[in-house]
Amino acid sequence: MTTTQTVSFWVSLIIAMSLWVQLLLRWTRNGAIALQPETLPDYISILGLFVAVPLAVIALFVGLAVYVALNKANSEQNSEDS
């Protein structure tokens with residue numbers, strides 16, 4: 001991966017995470033999310049919103065970075081073989 005691609009991935013990851021945090025804060029202020037869960041569904045929704053979704057977003061960005069890096073390495077290898 002080039003430096004520009006790496007910086008672009010980091011910037012987009014930071015922007016995506018900050019937007020997610022702002023959305024969670026808005027939902028908390030509006031009362032859509034209970035930060036002191038009382039029932040099992042409350043615990044599950046908080047776990048999903050605060051842990052599972054951010055991990056899925058990070059995994060998506062890592063997978064995309066790996067895909068780009070492998071494609072670049074493959075194309076460089078093919079150009080050397082020719």
# chains A, B, ... in the order shown; residues from 1 in each chain; ligands from 1

$ select_by_dssp --residues "chain A" --states "alpha helix (DSSP H)" --output "count of residues only"
65

$ residues_around --residues "Ile58 in chain A" --least-positions-apart "5" --cutoff "12 Å" --atoms "only C-alpha atoms" --output "NGL selection string"
:A and (9-10 or 12-17 or 51-53 or 63-65)

$ write_last_selection --atoms "N, CA, C and O atoms" --output "mmCIF file, in the first residue's frame"
data_model
loop_
_atom_site.group_PDB
_atom_site.id
_atom_site.type_symbol
_atom_site.label_atom_id
_atom_site.label_comp_id
_atom_site.auth_asym_id
_atom_site.auth_seq_id
_atom_site.Cartn_x
_atom_site.Cartn_y
_atom_site.Cartn_z
ATOM 1 N N PHE A 9 -6.978 5.425 4.596
ATOM 2 C CA PHE A 9 -7.654 4.427 5.417
ATOM 3 C C PHE A 9 -7.744 4.881 6.874
ATOM 4 O O PHE A 9 -8.777 4.745 7.516
ATOM 5 N N TRP A 10 -6.651 5.413 7.421
ATOM 6 C CA TRP A 10 -6.663 5.858 8.819
ATOM 7 C C TRP A 10 -7.631 7.016 9.021
ATOM 8 O O TRP A 10 -8.383 7.043 9.993
ATOM 9 N N SER A 12 -10.262 7.814 7.199
ATOM 10 C CA SER A 12 -11.649 7.361 7.075
ATOM 11 C C SER A 12 -12.078 6.528 8.273
ATOM 12 O O SER A 12 -13.228 6.618 8.708
ATOM 13 N N LEU A 13 -11.177 5.744 8.849
ATOM 14 C CA LEU A 13 -11.509 4.981 10.056
ATOM 15 C C LEU A 13 -11.793 5.913 11.226
ATOM 16 O O LEU A 13 -12.774 5.730 11.961
ATOM 17 N N ILE A 14 -10.970 6.925 11.393
ATOM 18 C CA ILE A 14 -11.176 7.885 12.482
ATOM 19 C C ILE A 14 -12.481 8.649 12.293
ATOM 20 O O ILE A 14 -13.245 8.853 13.252
ATOM 21 N N ILE A 15 -12.775 9.048 11.069
ATOM 22 C CA ILE A 15 -14.034 9.756 10.806
ATOM 23 C C ILE A 15 -15.231 8.857 11.074
ATOM 24 O O ILE A 15 -16.208 9.277 11.708
ATOM 25 N N ALA A 16 -15.160 7.611 10.624
ATOM 26 C CA ALA A 16 -16.271 6.678 10.851
ATOM 27 C C ALA A 16 -16.499 6.448 12.342
ATOM 28 O O ALA A 16 -17.649 6.438 12.817
ATOM 29 N N MET A 17 -15.431 6.271 13.098
ATOM 30 C CA MET A 17 -15.580 6.043 14.541
ATOM 31 C C MET A 17 -16.103 7.293 15.257
ATOM 32 O O MET A 17 -16.930 7.183 16.162
ATOM 33 N N VAL A 51 -19.737 -2.391 21.399
ATOM 34 C CA VAL A 51 -18.609 -3.307 21.198
ATOM 35 C C VAL A 51 -18.653 -3.953 19.808
ATOM 36 O O VAL A 51 -17.689 -3.857 19.046
ATOM 37 N N ALA A 52 -19.744 -4.614 19.483
ATOM 38 C CA ALA A 52 -19.790 -5.401 18.252
ATOM 39 C C ALA A 52 -19.733 -4.530 16.995
ATOM 40 O O ALA A 52 -18.995 -4.852 16.057
ATOM 41 N N VAL A 53 -20.485 -3.458 16.959
ATOM 42 C CA VAL A 53 -20.491 -2.610 15.759
ATOM 43 C C VAL A 53 -19.127 -1.959 15.524
ATOM 44 O O VAL A 53 -18.610 -2.014 14.404
ATOM 45 N N GLY A 63 -9.901 -5.510 6.610
ATOM 46 C CA GLY A 63 -10.085 -6.370 5.442
ATOM 47 C C GLY A 63 -9.890 -5.631 4.139
ATOM 48 O O GLY A 63 -9.276 -6.152 3.196
ATOM 49 N N LEU A 64 -10.395 -4.419 4.064
ATOM 50 C CA LEU A 64 -10.216 -3.607 2.861
ATOM 51 C C LEU A 64 -8.744 -3.267 2.638
ATOM 52 O O LEU A 64 -8.243 -3.330 1.507
ATOM 53 N N ALA A 65 -8.027 -2.946 3.711
ATOM 54 C CA ALA A 65 -6.600 -2.635 3.595
ATOM 55 C C ALA A 65 -5.812 -3.862 3.143
ATOM 56 O O ALA A 65 -4.916 -3.764 2.296
#

$ atom_distance --atom1 "CA of Ile46 in chain A" --atom2 "CA of Thr28 in chain A"
10.8 Å

$ atom_distance --atom1 "CA of Ser8 in chain A" --atom2 "CA of Phe61 in chain A"
10.9 Å
